[in-house]
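Reading through the structure tokens given below for one structure.
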Amino acid sequence: MTKRAVIHVENTEKLVEFAEFLVSDGWTILSANKTEEILKKQKIPVTKESALSENNIFMADTSKLIRRVMLTKYHEEDETYLSHPDEEENNIYIICMNVLPSINTAIVSKQFDNQLCPKNFFITTLLRNAFRNYENLLILTDPDDYKEAMIQIRTGSISKDFRTYLAAKALNLVSAYDAGLSASILQSSKVNEQFMNYMMIPFKKELPLHCGMNAQQAAFLYKSPSEEGSVGNFLKYQGKDLPYTLVNDISYAWRQINTLFTLLKNQPTVKSTNSDGYEFTTQFTPLTGTVFSLAVKFGTILGASHATNVLDSFKATFTYDSVMTTDTVFACSAVINTEAAEEIVKGNFAAIVAPSFTTEAKQILSKNKKTKLVPSFKVTNIELDLRFINGGLLVQTKDSTLFNQWKVRTKNRPSQIQTDEMVFGMLLVMGARSYSAVLLKQNSICGIAQGCTSEKRAIDGVLFESMKFQEYAKGVYSDKLGISHDIDTSNLGEVLVCDGAIPFCDSTKKLIDSGVKAVLQTGGTSTDDAFIDYCNEHGVVMVFTGMTHLSF
């Protein structure tokens, strides 16, 4: 008697091996389309099943196939496949089918209404109906299960637990597919339902990690289908010895690089007013062709810069923490070339993230076996921030609006150079843990404080960090947490930016006395007037945005 297996897969891993086993064990394979072509190319006998054809417009054949699957009965008495002679066609005992869930960005085209039901939708229909008869079927949706299925088939000992396990995985796949399809529609620009009734995005388990944030924690990397970001290419090049913290830092660094590149490559403008109420428009210089660089560890920015080439950007990025910090992630918006690689390889980096690497650069950087090279060129299209909490999920839209307005509160306006550097600084604190403040000089970080409990502590922190930077730059290292008195603090930095409102305090005065010439902040404290007066007295320009950029 014929034993039949339906095979129709989009994930073709281990397909040929499994099909060869079935044929050798006397099974008849029913298939169509791509799967049929692959099997026939490997000289594996296949019977064409019209119900699996994408041209099966009226679904009549599909209904017939579903009925056959539903009527299949498996008799346990002797663990063999049997059926009544009158039910010869109802002996489809294996359903090997899968789809690749995705967020379909093309679904919002002009043919929107005609694309709601994809051509492969019948696969999930079959799987859902097969689930109802799971006690009589082997429902295989994951290539990783083929080996165990072959063992149990060969030994004639297919367990009920295994059938249940496979059926549950099939339902999990179906729900992921449906979630991806619904999200494609609801979160499209045409519908724009950002907050769906059920927050379901089909993340796929991709890679086991060496450990979680601590050695005692287990971790796995999940990837959003149809999304690349740093994760897509990362999976192609790396092994399985990756810790959670490294993957997180790589993703964070690349997201920051793309934010800088995306928002600064064009010429943004913002409506502005002078201190006397005069209205004008502030324009920021487009930085197309500029190379952005970032150094990150534990989700914390250690350094950042932009320059006209990779080498200069790297040198200005990895600043004072290069002395004390190892296993840092370095990210760059441009291709890493030989010149830059020769300098980068001198550091002890955990990973280098960039659009690509020249052949010579790869050879140079490969000298450090610990350093992962991660080519990345895409960013995610998911415009939501999510955070798991006890018993639920917090969801918000991404913070992607840099400014709504600029209010110049001092007598003088910022110069074009100061304006551009203030924007660069705000983009950095926008992605840093709040409260945060950054001190810049010549488009490079020379002091940064992140994750503070108040704006006051952020300003205290950025003053301290900028003075420590001066120590390291001069080769002076104090033994204690204090600052050495043997350093020059007359020019710590030139542009101060904060993601909140800066209070007027001793640290603020010290920063201005130490060279700060421009301040960008939210504004709105009780000390604003005193701060403005102090800036005017010292020739410092200050701009209020009225907008916070807090993140955790």
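Following the order of the structure tokens, chains are lettered A, B, ..., residues in each are numbered from 1, and ligands are numbered from 1.
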Contacts of Ala253 of chain A within 7 Å, only C-alpha atoms, excl. fewer than 4 positions in-chain, as a PyMOL selection string
chain A and resi 249+257+294+296+331
Can you list every residue in segment 89-252 of chain A that DSSP puts in helix (DSSP H, G or I), as a PyMOL selection string?
chain A and resi 105-108+112-115+121-132+134-136+143-155+160-186+229-237+244-252
Determine, counting only C-alpha atoms, which protein, DNA and RNA residues have an atom within 12 Å of an atom of Cys96 of chain A; residues of the same chain fewer than 5 positions away are not included. Present the result as number ranges by chain.
A: 4-12, 14-15, 18-19, 22, 29-31, 35, 123-124, 126-127, 130, 137-143, 145-146, 149, 166-167, 170
Could you tell me how far atom CA of Lys468 of chain A lies from atom CA of Cys446 of chain A, in Å and to one decimal?
9.3 Å
Would you kindly return, as JSON, numbers by chain, each protein, DNA or RNA residue with an atom no farther than 7 Å from any atom of Glu206 of chain A, considering only C-alpha atoms and excluding same-chain residues fewer than 3 positions away?
{"A": [221, 222, 223]}
Which residues are near segment 530-537 of chain A? Cut-off 12 Å, only C-alpha atoms, ignore same chain within fewer than 4 positions. Put them as a PyMOL selection string.
chain A and resi 275+408-413+501-513+515-519+521+523-526+541-544
Would you output that residue set with N, CA, C and O atoms, as a tab-separated table (two decimals), in the first residue's frame?
chain	number	residue	atom	x	y	z
A	275	SER	N	16.20	86.13	20.48
A	275	SER	CA	15.82	86.53	21.84
A	275	SER	C	14.84	87.71	21.82
A	275	SER	O	14.09	87.91	22.77
A	408	VAL	N	16.64	80.94	20.20
A	408	VAL	CA	17.94	81.50	20.59
A	408	VAL	C	17.69	82.46	21.75
A	408	VAL	O	17.08	83.51	21.58
A	409	ARG	N	18.18	82.10	22.94
A	409	ARG	CA	17.87	82.88	24.13
A	409	ARG	C	18.94	83.91	24.47
A	409	ARG	O	18.75	84.74	25.35
A	410	THR	N	20.07	83.87	23.79
A	410	THR	CA	21.15	84.84	24.02
A	410	THR	C	21.13	85.91	22.93
A	410	THR	O	20.45	85.77	21.91
A	411	LYS	N	21.90	86.96	23.15
A	411	LYS	CA	21.93	88.06	22.18
A	411	LYS	C	22.49	87.61	20.84
A	411	LYS	O	22.05	88.09	19.79
A	412	ASN	N	23.46	86.74	20.86
A	412	ASN	CA	24.10	86.28	19.62
A	412	ASN	C	23.56	84.92	19.20
A	412	ASN	O	23.23	84.07	20.03
A	413	ARG	N	23.49	84.74	17.89
A	413	ARG	CA	23.13	83.44	17.34
A	413	ARG	C	24.37	82.56	17.23
A	413	ARG	O	25.49	83.06	17.14
A	501	ALA	N	16.74	69.73	30.44
A	501	ALA	CA	16.95	71.13	30.79
A	501	ALA	C	18.16	71.26	31.71
A	501	ALA	O	18.25	70.61	32.74
A	502	ILE	N	19.12	72.12	31.34
A	502	ILE	CA	20.35	72.28	32.11
A	502	ILE	C	20.15	73.35	33.19
A	502	ILE	O	19.82	74.50	32.88
A	503	PRO	N	20.37	73.02	34.44
A	503	PRO	CA	20.27	74.03	35.50
A	503	PRO	C	21.55	74.87	35.54
A	503	PRO	O	22.62	74.42	35.16
A	504	PHE	N	21.40	76.09	35.98
A	504	PHE	CA	22.57	76.96	36.14
A	504	PHE	C	23.20	76.65	37.49
A	504	PHE	O	22.59	76.85	38.55
A	505	CYS	N	24.43	76.13	37.46
A	505	CYS	CA	25.07	75.65	38.69
A	505	CYS	C	26.58	75.84	38.57
A	505	CYS	O	27.09	76.36	37.56
A	506	ASP	N	27.32	75.43	39.58
A	506	ASP	CA	28.78	75.58	39.58
A	506	ASP	C	29.42	74.84	38.41
A	506	ASP	O	30.36	75.33	37.77
A	507	SER	N	28.92	73.63	38.11
A	507	SER	CA	29.49	72.85	37.00
A	507	SER	C	29.25	73.54	35.67
A	507	SER	O	30.12	73.54	34.78
A	508	THR	N	28.08	74.16	35.51
A	508	THR	CA	27.79	74.91	34.29
A	508	THR	C	28.76	76.07	34.14
A	508	THR	O	29.30	76.31	33.04
A	509	LYS	N	29.00	76.80	35.22
A	509	LYS	CA	29.95	77.92	35.18
A	509	LYS	C	31.35	77.44	34.82
A	509	LYS	O	32.04	78.06	34.02
A	510	LYS	N	31.77	76.33	35.43
A	510	LYS	CA	33.12	75.81	35.16
A	510	LYS	C	33.28	75.40	33.70
A	510	LYS	O	34.33	75.62	33.10
A	511	LEU	N	32.24	74.81	33.13
A	511	LEU	CA	32.31	74.41	31.72
A	511	LEU	C	32.44	75.64	30.82
A	511	LEU	O	33.22	75.63	29.85
A	512	ILE	N	31.68	76.67	31.11
A	512	ILE	CA	31.78	77.90	30.31
A	512	ILE	C	33.15	78.56	30.52
A	512	ILE	O	33.79	79.00	29.56
A	513	ASP	N	33.61	78.57	31.75
A	513	ASP	CA	34.93	79.14	32.03
A	513	ASP	C	36.05	78.32	31.40
A	513	ASP	O	37.17	78.83	31.19
A	515	GLY	N	35.89	76.94	28.34
A	515	GLY	CA	35.93	76.99	26.88
A	515	GLY	C	34.63	76.78	26.15
A	515	GLY	O	34.60	76.90	24.92
A	516	VAL	N	33.55	76.42	26.81
A	516	VAL	CA	32.28	76.19	26.11
A	516	VAL	C	31.77	77.51	25.51
A	516	VAL	O	31.68	78.52	26.19
A	517	LYS	N	31.43	77.47	24.21
A	517	LYS	CA	30.98	78.66	23.51
A	517	LYS	C	29.55	78.55	22.99
A	517	LYS	O	28.98	79.53	22.50
A	518	ALA	N	28.98	77.33	23.08
A	518	ALA	CA	27.62	77.13	22.59
A	518	ALA	C	26.93	76.06	23.43
A	518	ALA	O	27.53	75.04	23.76
A	519	VAL	N	25.64	76.29	23.77
A	519	VAL	CA	24.87	75.36	24.60
A	519	VAL	C	23.54	75.09	23.92
A	519	VAL	O	22.84	76.02	23.50
A	521	GLN	N	19.98	72.94	24.72
A	521	GLN	CA	19.26	72.22	25.77
A	521	GLN	C	17.77	72.43	25.62
A	521	GLN	O	17.30	73.19	24.77
A	523	GLY	N	15.65	73.63	28.06
A	523	GLY	CA	15.20	74.85	28.71
A	523	GLY	C	13.99	74.59	29.60
A	523	GLY	O	13.37	73.53	29.54
A	524	GLY	N	13.68	75.56	30.45
A	524	GLY	CA	12.49	75.45	31.26
A	524	GLY	C	12.74	75.31	32.75
A	524	GLY	O	11.87	74.85	33.49
A	525	THR	N	13.93	75.72	33.25
A	525	THR	CA	14.20	75.65	34.69
A	525	THR	C	14.00	77.03	35.32
A	525	THR	O	13.94	78.05	34.62
A	526	SER	N	13.98	77.05	36.61
A	526	SER	CA	13.82	78.32	37.34
A	526	SER	C	15.07	79.17	37.26
A	526	SER	O	15.04	80.37	37.60
A	541	VAL	N	26.65	81.43	23.19
A	541	VAL	CA	25.31	81.36	22.60
A	541	VAL	C	24.57	80.18	23.22
A	541	VAL	O	25.17	79.14	23.52
A	542	MET	N	23.27	80.36	23.43
A	542	MET	CA	22.47	79.26	23.99
A	542	MET	C	21.13	79.18	23.28
A	542	MET	O	20.48	80.18	23.02
A	543	VAL	N	20.74	77.93	22.96
A	543	VAL	CA	19.49	77.67	22.25
A	543	VAL	C	18.64	76.71	23.06
A	543	VAL	O	19.13	75.70	23.58
A	544	PHE	N	17.34	77.06	23.19
A	544	PHE	CA	16.37	76.17	23.82
A	544	PHE	C	15.57	75.47	22.72
A	544	PHE	O	15.15	76.10	21.75
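Closest approach to Lys73 of chain A among A:Ile445, A:Ala340, A:Ile92, A:Met199 is made by A:Ile92 (distances from only C-alpha atoms).
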Could you go through segment 264-403 of chain A and tell me which residues DSSP, when run on the backbone, assigns to strand (DSSP E or B), listing them as a PyMOL selection string?
chain A and resi 269-273+279-283+291-297+300-307+328-332+336+349-354+357+372-375+384-389+392-397
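Here atom CA of Leu302 of chain A stands at a distance of 27.4 Å from atom CA of Glu360 of chain A.
Using only C-alpha atoms, the smallest distance between any of A:Tyr93, A:Tyr278, A:Phe162, A:Phe220 and Asn133 of chain A comes from A:Tyr93.
Those residues that approach Thr290 of chain A to within 8 Å, counting only C-alpha atoms, are His306, Ala307, Thr308 and Asn309 of chain A; same-chain residues fewer than 5 positions away are not listed.
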Quick one: of A:Leu373, A:Val345, A:Leu263, A:Ile417, who's nearest to Phe403 of chain A, counting only C-alpha atoms?
A:Leu263
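Coordinates place atom CA of Arg387 of chain A at a distance of 29.1 Å from atom CA of Leu520 of chain A.
Closest to Pro286 of chain A among A:Val374, A:Ala351, A:Leu52, A:Leu264 is A:Leu264, based on only C-alpha atoms.
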Might you pull out every residue within 9 Å of Ala218 of chain A, with only C-alpha atoms counted and same-chain residues fewer than 4 positions away left off, and present them as a compact mmCIF listing (two decimals) with all heavy atoms, in the first residue's frame?
# COMPACT_ATOMS: atom_id res chain seq x y z
N PRO A 208 21.74 30.52 18.90
CA PRO A 208 21.99 30.42 20.34
C PRO A 208 23.23 31.22 20.70
O PRO A 208 24.23 31.18 19.99
CB PRO A 208 22.21 28.91 20.54
CG PRO A 208 22.70 28.42 19.23
CD PRO A 208 22.03 29.26 18.19
N LEU A 209 23.18 31.95 21.80
CA LEU A 209 24.31 32.75 22.23
C LEU A 209 25.09 32.02 23.31
O LEU A 209 24.57 31.13 23.99
CB LEU A 209 23.83 34.11 22.73
CG LEU A 209 23.03 34.94 21.72
CD1 LEU A 209 22.61 36.27 22.34
CD2 LEU A 209 23.82 35.18 20.44
N HIS A 210 26.34 32.41 23.45
CA HIS A 210 27.22 31.75 24.42
C HIS A 210 26.67 31.85 25.84
O HIS A 210 26.72 30.90 26.61
CB HIS A 210 28.62 32.37 24.34
CG HIS A 210 29.59 31.80 25.33
ND1 HIS A 210 30.01 30.50 25.28
CD2 HIS A 210 30.21 32.35 26.40
CE1 HIS A 210 30.86 30.27 26.27
NE2 HIS A 210 30.99 31.38 26.96
N CYS A 211 26.11 33.02 26.14
CA CYS A 211 25.50 33.24 27.46
C CYS A 211 24.72 34.53 27.40
O CYS A 211 24.75 35.25 26.40
CB CYS A 211 26.57 33.31 28.56
SG CYS A 211 27.72 34.71 28.37
N GLY A 212 24.00 34.81 28.47
CA GLY A 212 23.30 36.07 28.56
C GLY A 212 24.24 37.16 29.04
O GLY A 212 25.46 37.08 28.85
N MET A 213 23.68 38.20 29.66
CA MET A 213 24.52 39.28 30.14
C MET A 213 25.51 38.80 31.20
O MET A 213 26.63 39.28 31.30
CB MET A 213 23.65 40.41 30.69
CG MET A 213 24.43 41.65 31.10
SD MET A 213 23.37 43.10 31.34
CE MET A 213 22.89 43.48 29.65
N ASN A 214 25.09 37.79 31.96
CA ASN A 214 25.98 37.13 32.91
C ASN A 214 26.11 35.67 32.53
O ASN A 214 25.26 35.10 31.84
CB ASN A 214 25.42 37.27 34.33
CG ASN A 214 25.31 38.72 34.76
OD1 ASN A 214 26.31 39.39 34.98
ND2 ASN A 214 24.07 39.21 34.88
N TYR A 244 25.53 37.80 24.83
CA TYR A 244 24.39 38.70 24.70
C TYR A 244 24.85 40.16 24.59
O TYR A 244 24.34 40.93 23.77
CB TYR A 244 23.50 38.48 25.92
CG TYR A 244 22.30 39.37 26.05
CD1 TYR A 244 21.05 38.96 25.64
CD2 TYR A 244 22.41 40.63 26.66
CE1 TYR A 244 19.93 39.77 25.81
CE2 TYR A 244 21.31 41.45 26.83
CZ TYR A 244 20.07 41.00 26.40
OH TYR A 244 18.97 41.82 26.56
